[in-house]
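Student: Pasting in a structure now, in structure tokens, and then I'll have a few things to ask.
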Amino acid sequence: MARPKILVVGAGFAGVGCVRRLERQLAPDEADLCLVTPFSYQLYLPLLPQVASGVLTPQSIAVSLRRSRRFRTRINPGGAIGVDPKAKVCVVRRTTGEIVYETYDRIVLAPGSITRTFDIPGLVDNARGMKTLAEAAYVRDHVIAQLDLADASQDEAERLSRLQFVVVGGGYAGTETAACLQRLTMNAVKRYPRLDPALIKWHLIDIAPKLMPELGDKLGRSAQKVLSDRGIEISLGVSIAKAGPEEVTFTDGRVVPTRTLIWTAGVVASPLMNTLGAETVRGRLAVAPDMSVPGLDGVFAVGDAAAVPDLAKDEDGAVCPPTAQHAMRQGRKVADNVLASLRGRPLESYKHKDLGLVVDLGGRDAVSKPLGIELRGMPAQAVARGYHWSALRTNVAKTRVLTNWLLNAVAGDDFVRTGFLARTPATLRDFEHSDAYLTPEEVREHSATLLARQD
Ligand SMILES: Cc1cc2nc3c(=O)[nH]c(=O)nc-3n(C[C@H](O)[C@H](O)[C@H](O)COP(=O)(O)OP(=O)(O)OC[C@H]3O[C@@H](n4cnc5c(N)ncnc54)[C@H](O)[C@@H]3O)c2cc1C
């Protein structure tokens, strides 16, 4: 009899957690294991703002998928663009553009999320996200380029617009991004004697009335004070009405001349989840507490892309928030459930109580709330860095990150602009491939083609 095939889609916190557990638990001939992923690394997303600000090199948070003694998974280098759960076929667009098919007995969907956008004129063409390694590297280059160009310009208005920066999104991703990049510009400007540091202005805006409400009122206010004291202008209850290449209009009517709009106003599940024709909860695939998809044989979903019931909360209908903390634990638990389903054993529910939040605001500034304890400054920074460091999966990645942190603390940054693809228009769509997916009907046409080929 042919061995059953387990297909995992996405090599993030959840997907890699699942694959590594399966590699450890599966008997050598028990099942074939395949991972569909466009990249050969697992990205440690919470440290992206530190890549954008140059504290870490991009390689240090790109953790190799092939560095494992038990490595036995076949990797299909591409992105899944549709899943037909009836035919048990996943349509994959390879990195070369070629379309290939992966059949499966069990599929674990873990493609994460993409930046959530709204129907705001000019937004998708003029905003940059903070969700991929390429985006972080691009934003860093772009910000340093603004200093270079402002320094070279004789035009007062152009200088002013190049030295204003807007970050939208007061969650931890946006707050850390604004904090770390502001620090980058304030340190970098010391190397531009003709630029007046007072002209550099960072705006952090959010439609919500508070920054990072998960922190609670007191700690949230502390974070806000740290940022305001550093000169970041925080506007709450405000969003973007219009975005252009040289100015941004806020919903309160202010027009800010700027060439830099960073959009981190939340995430939405990968569009892959819409291709199954199954129930979704605000875009995330609806799953049972054991992470199986009701009514679809052999389909499981985890991480940011799935609405996993949060059994640790007493509220009816609560789902786990989209965090790395949940994604990596769900990945391990779903591996156990996939194995249980192959071995005819009962599946178990996922339950995890949130451990808290860490927010790195750059340098010695941070706020953290581990296990409900409120920390600020150096103790908070030590907890934040200690947490991220211990969560990196390989010792090589840990060493790279630690070395980078030490080097940056001792020698600072050189503010080098690499210039890769600097003349190519780069939109949210280009970085996150949000328009690559098929409709459920197109997926069925593809699986029918495959089945006809096999007859
Ligand atoms: C800037 C930033 C800071 C953050 N800070 C924190 C933090 O401090 N603490 C915390 O808990 N969480 C944090 N998060 C959230 C956390 O990173 C996510 O919740 C977590 O990464 C979700 O894990 P995942 O496995 O579901 O998805 P991801 O880790 O995003 O992995 C998804 C993987 O799937 C791949 N993929 C995407 N589409 C496809 C496809 N169609 N086919 C195949 N593969 C695909 C992607 O390339 C990626 O490798 C942060 C996020 C950001 C952006």
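A note on labels: chains of the structure tokens are A, B, ... as shown, every chain counts residues from 1, and ligands are counted from 1 in their shown order.
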Hey, what does DSSP flag as helix (DSSP H, G or I) within segment 317-426 of chain A? Can you give it to me as a ChimeraX atom specification?
Tutor: /A:324-342,377-391,395-411
Student: Store the residues picked out above, limited to N, CA and C atoms, as a short mmCIF file (atom, residue, chain, number, x, y, z; two decimals), in the first residue's frame.
Tutor:
data_model
loop_
_atom_site.label_atom_id
_atom_site.label_comp_id
_atom_site.auth_asym_id
_atom_site.auth_seq_id
_atom_site.Cartn_x
_atom_site.Cartn_y
_atom_site.Cartn_z
N ALA A 324 2.62 34.90 17.23
CA ALA A 324 3.60 33.83 17.06
C ALA A 324 3.48 32.82 18.20
N GLN A 325 3.19 33.38 19.38
CA GLN A 325 3.04 32.55 20.57
C GLN A 325 2.02 31.41 20.34
N HIS A 326 0.87 31.77 19.76
CA HIS A 326 -0.14 30.75 19.48
C HIS A 326 0.27 29.89 18.28
N ALA A 327 0.76 30.56 17.22
CA ALA A 327 1.04 29.83 15.97
C ALA A 327 2.01 28.68 16.21
N MET A 328 3.11 28.92 16.96
CA MET A 328 4.08 27.82 17.10
C MET A 328 3.53 26.68 17.94
N ARG A 329 2.72 27.01 18.94
CA ARG A 329 2.12 25.94 19.77
C ARG A 329 1.05 25.18 19.00
N GLN A 330 0.28 25.92 18.19
CA GLN A 330 -0.73 25.23 17.38
C GLN A 330 -0.07 24.29 16.37
N GLY A 331 1.08 24.73 15.82
CA GLY A 331 1.80 23.90 14.86
C GLY A 331 2.18 22.55 15.47
N ARG A 332 2.68 22.59 16.70
CA ARG A 332 3.09 21.34 17.35
C ARG A 332 1.88 20.47 17.65
N LYS A 333 0.81 21.12 18.13
CA LYS A 333 -0.38 20.36 18.52
C LYS A 333 -1.05 19.74 17.29
N VAL A 334 -1.07 20.48 16.18
CA VAL A 334 -1.74 19.94 14.99
C VAL A 334 -0.96 18.74 14.46
N ALA A 335 0.38 18.75 14.63
CA ALA A 335 1.18 17.60 14.20
C ALA A 335 0.73 16.37 14.99
N ASP A 336 0.53 16.54 16.30
CA ASP A 336 0.06 15.41 17.12
C ASP A 336 -1.31 14.92 16.62
N ASN A 337 -2.17 15.88 16.25
CA ASN A 337 -3.51 15.48 15.80
C ASN A 337 -3.49 14.81 14.43
N VAL A 338 -2.60 15.27 13.55
CA VAL A 338 -2.47 14.62 12.24
C VAL A 338 -2.02 13.16 12.45
N LEU A 339 -1.03 12.99 13.34
CA LEU A 339 -0.56 11.64 13.65
C LEU A 339 -1.68 10.79 14.25
N ALA A 340 -2.43 11.40 15.19
CA ALA A 340 -3.52 10.67 15.83
C ALA A 340 -4.54 10.23 14.77
N SER A 341 -4.81 11.11 13.80
CA SER A 341 -5.81 10.76 12.78
C SER A 341 -5.29 9.62 11.90
N LEU A 342 -3.96 9.59 11.65
CA LEU A 342 -3.40 8.49 10.85
C LEU A 342 -3.41 7.17 11.62
N GLY A 377 11.59 50.06 30.50
CA GLY A 377 13.03 50.34 30.39
C GLY A 377 13.87 49.08 30.25
N MET A 378 15.06 49.10 30.89
CA MET A 378 16.02 48.00 30.73
C MET A 378 15.47 46.61 31.11
N PRO A 379 14.74 46.48 32.27
CA PRO A 379 14.21 45.15 32.59
C PRO A 379 13.26 44.65 31.48
N ALA A 380 12.44 45.57 30.96
CA ALA A 380 11.51 45.18 29.89
C ALA A 380 12.29 44.79 28.63
N GLN A 381 13.37 45.53 28.35
CA GLN A 381 14.18 45.24 27.17
C GLN A 381 14.86 43.87 27.33
N ALA A 382 15.35 43.59 28.55
CA ALA A 382 16.01 42.30 28.79
C ALA A 382 15.01 41.15 28.57
N VAL A 383 13.78 41.33 29.04
CA VAL A 383 12.77 40.29 28.87
C VAL A 383 12.43 40.14 27.37
N ALA A 384 12.27 41.28 26.68
CA ALA A 384 11.90 41.24 25.26
C ALA A 384 12.98 40.50 24.46
N ARG A 385 14.22 40.92 24.66
CA ARG A 385 15.29 40.30 23.87
C ARG A 385 15.50 38.84 24.28
N GLY A 386 15.43 38.57 25.60
CA GLY A 386 15.60 37.20 26.09
C GLY A 386 14.51 36.29 25.50
N TYR A 387 13.29 36.80 25.44
CA TYR A 387 12.17 35.99 24.92
C TYR A 387 12.41 35.67 23.44
N HIS A 388 12.71 36.71 22.66
CA HIS A 388 12.90 36.48 21.21
C HIS A 388 14.10 35.56 20.97
N TRP A 389 15.16 35.80 21.71
CA TRP A 389 16.38 35.01 21.51
C TRP A 389 16.09 33.53 21.78
N SER A 390 15.39 33.26 22.88
CA SER A 390 15.16 31.85 23.20
C SER A 390 14.16 31.21 22.23
N ALA A 391 13.32 32.04 21.59
CA ALA A 391 12.32 31.47 20.66
C ALA A 391 12.91 31.17 19.27
N ASN A 395 20.54 27.05 16.96
CA ASN A 395 21.63 27.69 17.71
C ASN A 395 22.40 28.66 16.82
N VAL A 396 22.48 28.36 15.53
CA VAL A 396 23.20 29.26 14.61
C VAL A 396 22.46 30.60 14.55
N ALA A 397 21.12 30.53 14.44
CA ALA A 397 20.33 31.77 14.39
C ALA A 397 20.49 32.54 15.70
N LYS A 398 20.49 31.82 16.81
CA LYS A 398 20.67 32.49 18.12
C LYS A 398 22.01 33.21 18.16
N THR A 399 23.06 32.53 17.67
CA THR A 399 24.40 33.12 17.70
C THR A 399 24.46 34.35 16.79
N ARG A 400 23.84 34.24 15.60
CA ARG A 400 23.86 35.39 14.68
C ARG A 400 23.19 36.60 15.31
N VAL A 401 22.02 36.37 15.92
CA VAL A 401 21.27 37.48 16.50
C VAL A 401 22.05 38.10 17.67
N LEU A 402 22.58 37.26 18.52
CA LEU A 402 23.33 37.76 19.68
C LEU A 402 24.55 38.57 19.23
N THR A 403 25.25 38.04 18.22
CA THR A 403 26.45 38.73 17.72
C THR A 403 26.07 40.09 17.13
N ASN A 404 24.96 40.09 16.39
CA ASN A 404 24.48 41.36 15.80
C ASN A 404 24.12 42.37 16.87
N TRP A 405 23.43 41.91 17.90
CA TRP A 405 23.04 42.82 18.99
C TRP A 405 24.29 43.41 19.65
N LEU A 406 25.29 42.55 19.91
CA LEU A 406 26.52 43.02 20.56
C LEU A 406 27.25 44.02 19.67
N LEU A 407 27.38 43.65 18.39
CA LEU A 407 28.10 44.51 17.45
C LEU A 407 27.41 45.87 17.33
N ASN A 408 26.08 45.83 17.27
CA ASN A 408 25.34 47.08 17.14
C ASN A 408 25.49 47.94 18.40
N ALA A 409 25.50 47.28 19.57
CA ALA A 409 25.62 48.03 20.82
C ALA A 409 27.00 48.68 20.92
N VAL A 410 28.02 48.00 20.41
CA VAL A 410 29.39 48.51 20.53
C VAL A 410 29.74 49.48 19.40
N ALA A 411 29.41 49.10 18.17
CA ALA A 411 29.91 49.87 17.02
C ALA A 411 28.83 50.69 16.33
#
Student: Would you mind listing the residues within 6 Å of ligand 1, counting only C-alpha atoms and all ligand atoms, as a PDB file with N, CA and C atoms, in the first residue's frame?
Tutor:
ATOM      1  N   VAL A   9       1.428  23.513   4.221  1.00  0.00           N
ATOM      2  CA  VAL A   9       1.544  24.723   3.388  1.00  0.00           C
ATOM      3  C   VAL A   9       1.961  25.886   4.277  1.00  0.00           C
ATOM      4  N   GLY A  10       3.159  26.435   4.001  1.00  0.00           N
ATOM      5  CA  GLY A  10       3.633  27.588   4.774  1.00  0.00           C
ATOM      6  C   GLY A  10       4.695  27.188   5.776  1.00  0.00           C
ATOM      7  N   ALA A  11       5.843  27.884   5.727  1.00  0.00           N
ATOM      8  CA  ALA A  11       6.945  27.564   6.642  1.00  0.00           C
ATOM      9  C   ALA A  11       7.164  28.706   7.620  1.00  0.00           C
ATOM     10  N   GLY A  12       6.106  29.056   8.335  1.00  0.00           N
ATOM     11  CA  GLY A  12       6.238  30.080   9.379  1.00  0.00           C
ATOM     12  C   GLY A  12       6.281  29.410  10.733  1.00  0.00           C
ATOM     13  N   PHE A  13       5.878  30.142  11.749  1.00  0.00           N
ATOM     14  CA  PHE A  13       5.889  29.600  13.113  1.00  0.00           C
ATOM     15  C   PHE A  13       5.064  28.316  13.190  1.00  0.00           C
ATOM     16  N   ALA A  14       3.857  28.342  12.616  1.00  0.00           N
ATOM     17  CA  ALA A  14       2.965  27.190  12.735  1.00  0.00           C
ATOM     18  C   ALA A  14       3.438  26.039  11.840  1.00  0.00           C
ATOM     19  N   GLY A  15       3.743  26.341  10.570  1.00  0.00           N
ATOM     20  CA  GLY A  15       4.127  25.295   9.615  1.00  0.00           C
ATOM     21  C   GLY A  15       5.400  24.574  10.029  1.00  0.00           C
ATOM     22  N   VAL A  36       5.183  23.021   1.287  1.00  0.00           N
ATOM     23  CA  VAL A  36       5.125  24.005   0.199  1.00  0.00           C
ATOM     24  C   VAL A  36       5.482  25.358   0.788  1.00  0.00           C
ATOM     25  N   THR A  37       6.534  25.956   0.286  1.00  0.00           N
ATOM     26  CA  THR A  37       6.953  27.265   0.809  1.00  0.00           C
ATOM     27  C   THR A  37       7.742  28.039  -0.250  1.00  0.00           C
ATOM     28  N   PRO A  38       7.453  29.330  -0.410  1.00  0.00           N
ATOM     29  CA  PRO A  38       8.201  30.091  -1.420  1.00  0.00           C
ATOM     30  C   PRO A  38       9.658  30.323  -1.028  1.00  0.00           C
ATOM     31  N   GLN A  42      12.550  30.052   7.667  1.00  0.00           N
ATOM     32  CA  GLN A  42      11.435  30.511   8.491  1.00  0.00           C
ATOM     33  C   GLN A  42      11.766  31.914   8.967  1.00  0.00           C
ATOM     34  N   LEU A  45       9.374  36.903  12.307  1.00  0.00           N
ATOM     35  CA  LEU A  45       8.724  38.202  12.058  1.00  0.00           C
ATOM     36  C   LEU A  45       8.839  39.238  13.190  1.00  0.00           C
ATOM     37  N   PRO A  46       8.730  38.851  14.469  1.00  0.00           N
ATOM     38  CA  PRO A  46       8.772  39.891  15.504  1.00  0.00           C
ATOM     39  C   PRO A  46      10.059  40.717  15.499  1.00  0.00           C
ATOM     40  N   LEU A  48      11.492  41.820  12.684  1.00  0.00           N
ATOM     41  CA  LEU A  48      11.588  42.585  11.420  1.00  0.00           C
ATOM     42  C   LEU A  48      11.910  44.070  11.642  1.00  0.00           C
ATOM     43  N   PRO A  49      11.266  44.745  12.627  1.00  0.00           N
ATOM     44  CA  PRO A  49      11.604  46.166  12.811  1.00  0.00           C
ATOM     45  C   PRO A  49      13.097  46.369  13.104  1.00  0.00           C
ATOM     46  N   GLY A  79       4.338  28.815  -3.976  1.00  0.00           N
ATOM     47  CA  GLY A  79       3.222  29.220  -3.129  1.00  0.00           C
ATOM     48  C   GLY A  79       1.979  28.451  -3.539  1.00  0.00           C
ATOM     49  N   ALA A  80       1.201  27.994  -2.565  1.00  0.00           N
ATOM     50  CA  ALA A  80      -0.075  27.350  -2.882  1.00  0.00           C
ATOM     51  C   ALA A  80      -1.030  28.452  -3.329  1.00  0.00           C
ATOM     52  N   ILE A  81      -1.724  28.225  -4.459  1.00  0.00           N
ATOM     53  CA  ILE A  81      -2.646  29.283  -4.918  1.00  0.00           C
ATOM     54  C   ILE A  81      -4.092  28.796  -4.884  1.00  0.00           C
ATOM     55  N   ALA A 110      -0.996  26.504   6.786  1.00  0.00           N
ATOM     56  CA  ALA A 110      -0.368  27.458   7.713  1.00  0.00           C
ATOM     57  C   ALA A 110       0.294  28.593   6.931  1.00  0.00           C
ATOM     58  N   PRO A 111      -0.461  29.239   5.999  1.00  0.00           N
ATOM     59  CA  PRO A 111       0.179  30.279   5.177  1.00  0.00           C
ATOM     60  C   PRO A 111       0.199  31.658   5.828  1.00  0.00           C
ATOM     61  N   GLY A 112      -0.241  31.762   7.096  1.00  0.00           N
ATOM     62  CA  GLY A 112      -0.129  33.043   7.796  1.00  0.00           C
ATOM     63  C   GLY A 112      -1.100  34.086   7.262  1.00  0.00           C
ATOM     64  N   SER A 113      -0.642  35.351   7.336  1.00  0.00           N
ATOM     65  CA  SER A 113      -1.543  36.455   6.985  1.00  0.00           C
ATOM     66  C   SER A 113      -0.826  37.437   6.069  1.00  0.00           C
ATOM     67  N   MET A 130       5.241  45.908   6.596  1.00  0.00           N
ATOM     68  CA  MET A 130       6.363  45.417   7.424  1.00  0.00           C
ATOM     69  C   MET A 130       6.046  43.956   7.743  1.00  0.00           C
ATOM     70  N   LYS A 131       5.984  43.139   6.663  1.00  0.00           N
ATOM     71  CA  LYS A 131       5.477  41.777   6.836  1.00  0.00           C
ATOM     72  C   LYS A 131       6.419  40.750   6.204  1.00  0.00           C
ATOM     73  N   ALA A 173       3.341  45.874  16.018  1.00  0.00           N
ATOM     74  CA  ALA A 173       4.163  45.919  14.801  1.00  0.00           C
ATOM     75  C   ALA A 173       4.434  47.372  14.396  1.00  0.00           C
ATOM     76  N   LEU A 272      -5.421  32.418   0.449  1.00  0.00           N
ATOM     77  CA  LEU A 272      -5.529  30.981   0.134  1.00  0.00           C
ATOM     78  C   LEU A 272      -6.767  30.376   0.813  1.00  0.00           C
ATOM     79  N   GLY A 303      -2.455  28.809  12.991  1.00  0.00           N
ATOM     80  CA  GLY A 303      -1.743  30.092  12.908  1.00  0.00           C
ATOM     81  C   GLY A 303      -2.658  31.247  12.540  1.00  0.00           C
ATOM     82  N   ASP A 304      -2.057  32.304  11.979  1.00  0.00           N
ATOM     83  CA  ASP A 304      -2.810  33.515  11.630  1.00  0.00           C
ATOM     84  C   ASP A 304      -3.937  33.238  10.641  1.00  0.00           C
ATOM     85  N   ALA A 305      -3.801  32.164   9.842  1.00  0.00           N
ATOM     86  CA  ALA A 305      -4.781  31.899   8.784  1.00  0.00           C
ATOM     87  C   ALA A 305      -6.021  31.177   9.299  1.00  0.00           C
ATOM     88  N   PRO A 322      -3.895  36.549  16.428  1.00  0.00           N
ATOM     89  CA  PRO A 322      -2.835  36.151  15.475  1.00  0.00           C
ATOM     90  C   PRO A 322      -1.456  36.496  16.019  1.00  0.00           C
ATOM     91  N   THR A 323      -0.908  35.634  16.849  1.00  0.00           N
ATOM     92  CA  THR A 323       0.430  35.873  17.401  1.00  0.00           C
ATOM     93  C   THR A 323       1.320  34.645  17.197  1.00  0.00           C
ATOM     94  N   ALA A 324       2.621  34.902  17.228  1.00  0.00           N
ATOM     95  CA  ALA A 324       3.604  33.830  17.057  1.00  0.00           C
ATOM     96  C   ALA A 324       3.483  32.825  18.200  1.00  0.00           C
ATOM     97  N   GLN A 325       3.186  33.377  19.377  1.00  0.00           N
ATOM     98  CA  GLN A 325       3.035  32.546  20.567  1.00  0.00           C
ATOM     99  C   GLN A 325       2.016  31.409  20.336  1.00  0.00           C
ATOM    100  N   ALA A 327       0.761  30.562  17.219  1.00  0.00           N
ATOM    101  CA  ALA A 327       1.041  29.829  15.969  1.00  0.00           C
ATOM    102  C   ALA A 327       2.014  28.677  16.210  1.00  0.00           C
ATOM    103  N   VAL A 358       5.773  41.506  24.623  1.00  0.00           N
ATOM    104  CA  VAL A 358       7.018  42.269  24.764  1.00  0.00           C
ATOM    105  C   VAL A 358       7.111  43.261  23.603  1.00  0.00           C
TER     106      VAL A 358
END
Student: Which residues come within 7 Å of segment 312-321 of chain A, counting only C-alpha atoms, excluding same-chain residues fewer than 5 positions away, as a PDB file with N, CA and C atoms, in the first residue's frame?
Tutor:
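As a result, out-v8.pdb now contains:
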ATOM      1  N   ALA A 307      -9.088  30.421  12.382  1.00  0.00           N
ATOM      2  CA  ALA A 307      -9.794  30.933  13.573  1.00  0.00           C
ATOM      3  C   ALA A 307      -9.897  29.778  14.562  1.00  0.00           C
ATOM      4  N   LYS A 351      -5.284  24.331  23.647  1.00  0.00           N
ATOM      5  CA  LYS A 351      -5.571  25.318  24.693  1.00  0.00           C
ATOM      6  C   LYS A 351      -4.252  25.908  25.188  1.00  0.00           C
ATOM      7  N   HIS A 352      -4.160  27.231  25.164  1.00  0.00           N
ATOM      8  CA  HIS A 352      -2.931  27.878  25.666  1.00  0.00           C
ATOM      9  C   HIS A 352      -3.292  29.240  26.251  1.00  0.00           C
ATOM     10  N   LYS A 353      -2.807  29.482  27.448  1.00  0.00           N
ATOM     11  CA  LYS A 353      -3.072  30.785  28.072  1.00  0.00           C
ATOM     12  C   LYS A 353      -1.950  31.749  27.681  1.00  0.00           C
TER      13      LYS A 353
END
Student: Neighbouring residues of Ile99 of chain A were defined as those with any atom within 12 Å, considering only C-alpha atoms; residues of the same chain fewer than 6 positions away were excluded. Please report them as a PyMOL selection string.
Tutor: chain A and resi 76-82+90-93+436+438+443+446-447+449-450
Student: Would you pick out the contacts of Thr439 of chain A at 9 Å or less, using only C-alpha atoms, so that residues sharing its chain but fewer than 4 positions from it are not included, and give the list as a tab-separated table (two decimals) with C-alpha atoms, in the first residue's frame?
Tutor:
chain	number	residue	atom	x	y	z
A	82	GLY	CA	-5.68	27.06	-4.34
A	274	ASN	CA	-10.94	31.68	0.46
A	275	THR	CA	-10.10	29.17	-2.26
A	276	LEU	CA	-11.47	26.15	-0.33
A	277	GLY	CA	-15.07	27.38	-0.42
A	443	VAL	CA	-9.13	25.53	-8.39
A	444	ARG	CA	-11.71	22.90	-9.37
Student: Mind checking DSSP for segment 286-338 of chain A and telling me the strand (DSSP E) residues as a ChimeraX atom specification?
Tutor: /A:286,299-301,306-307
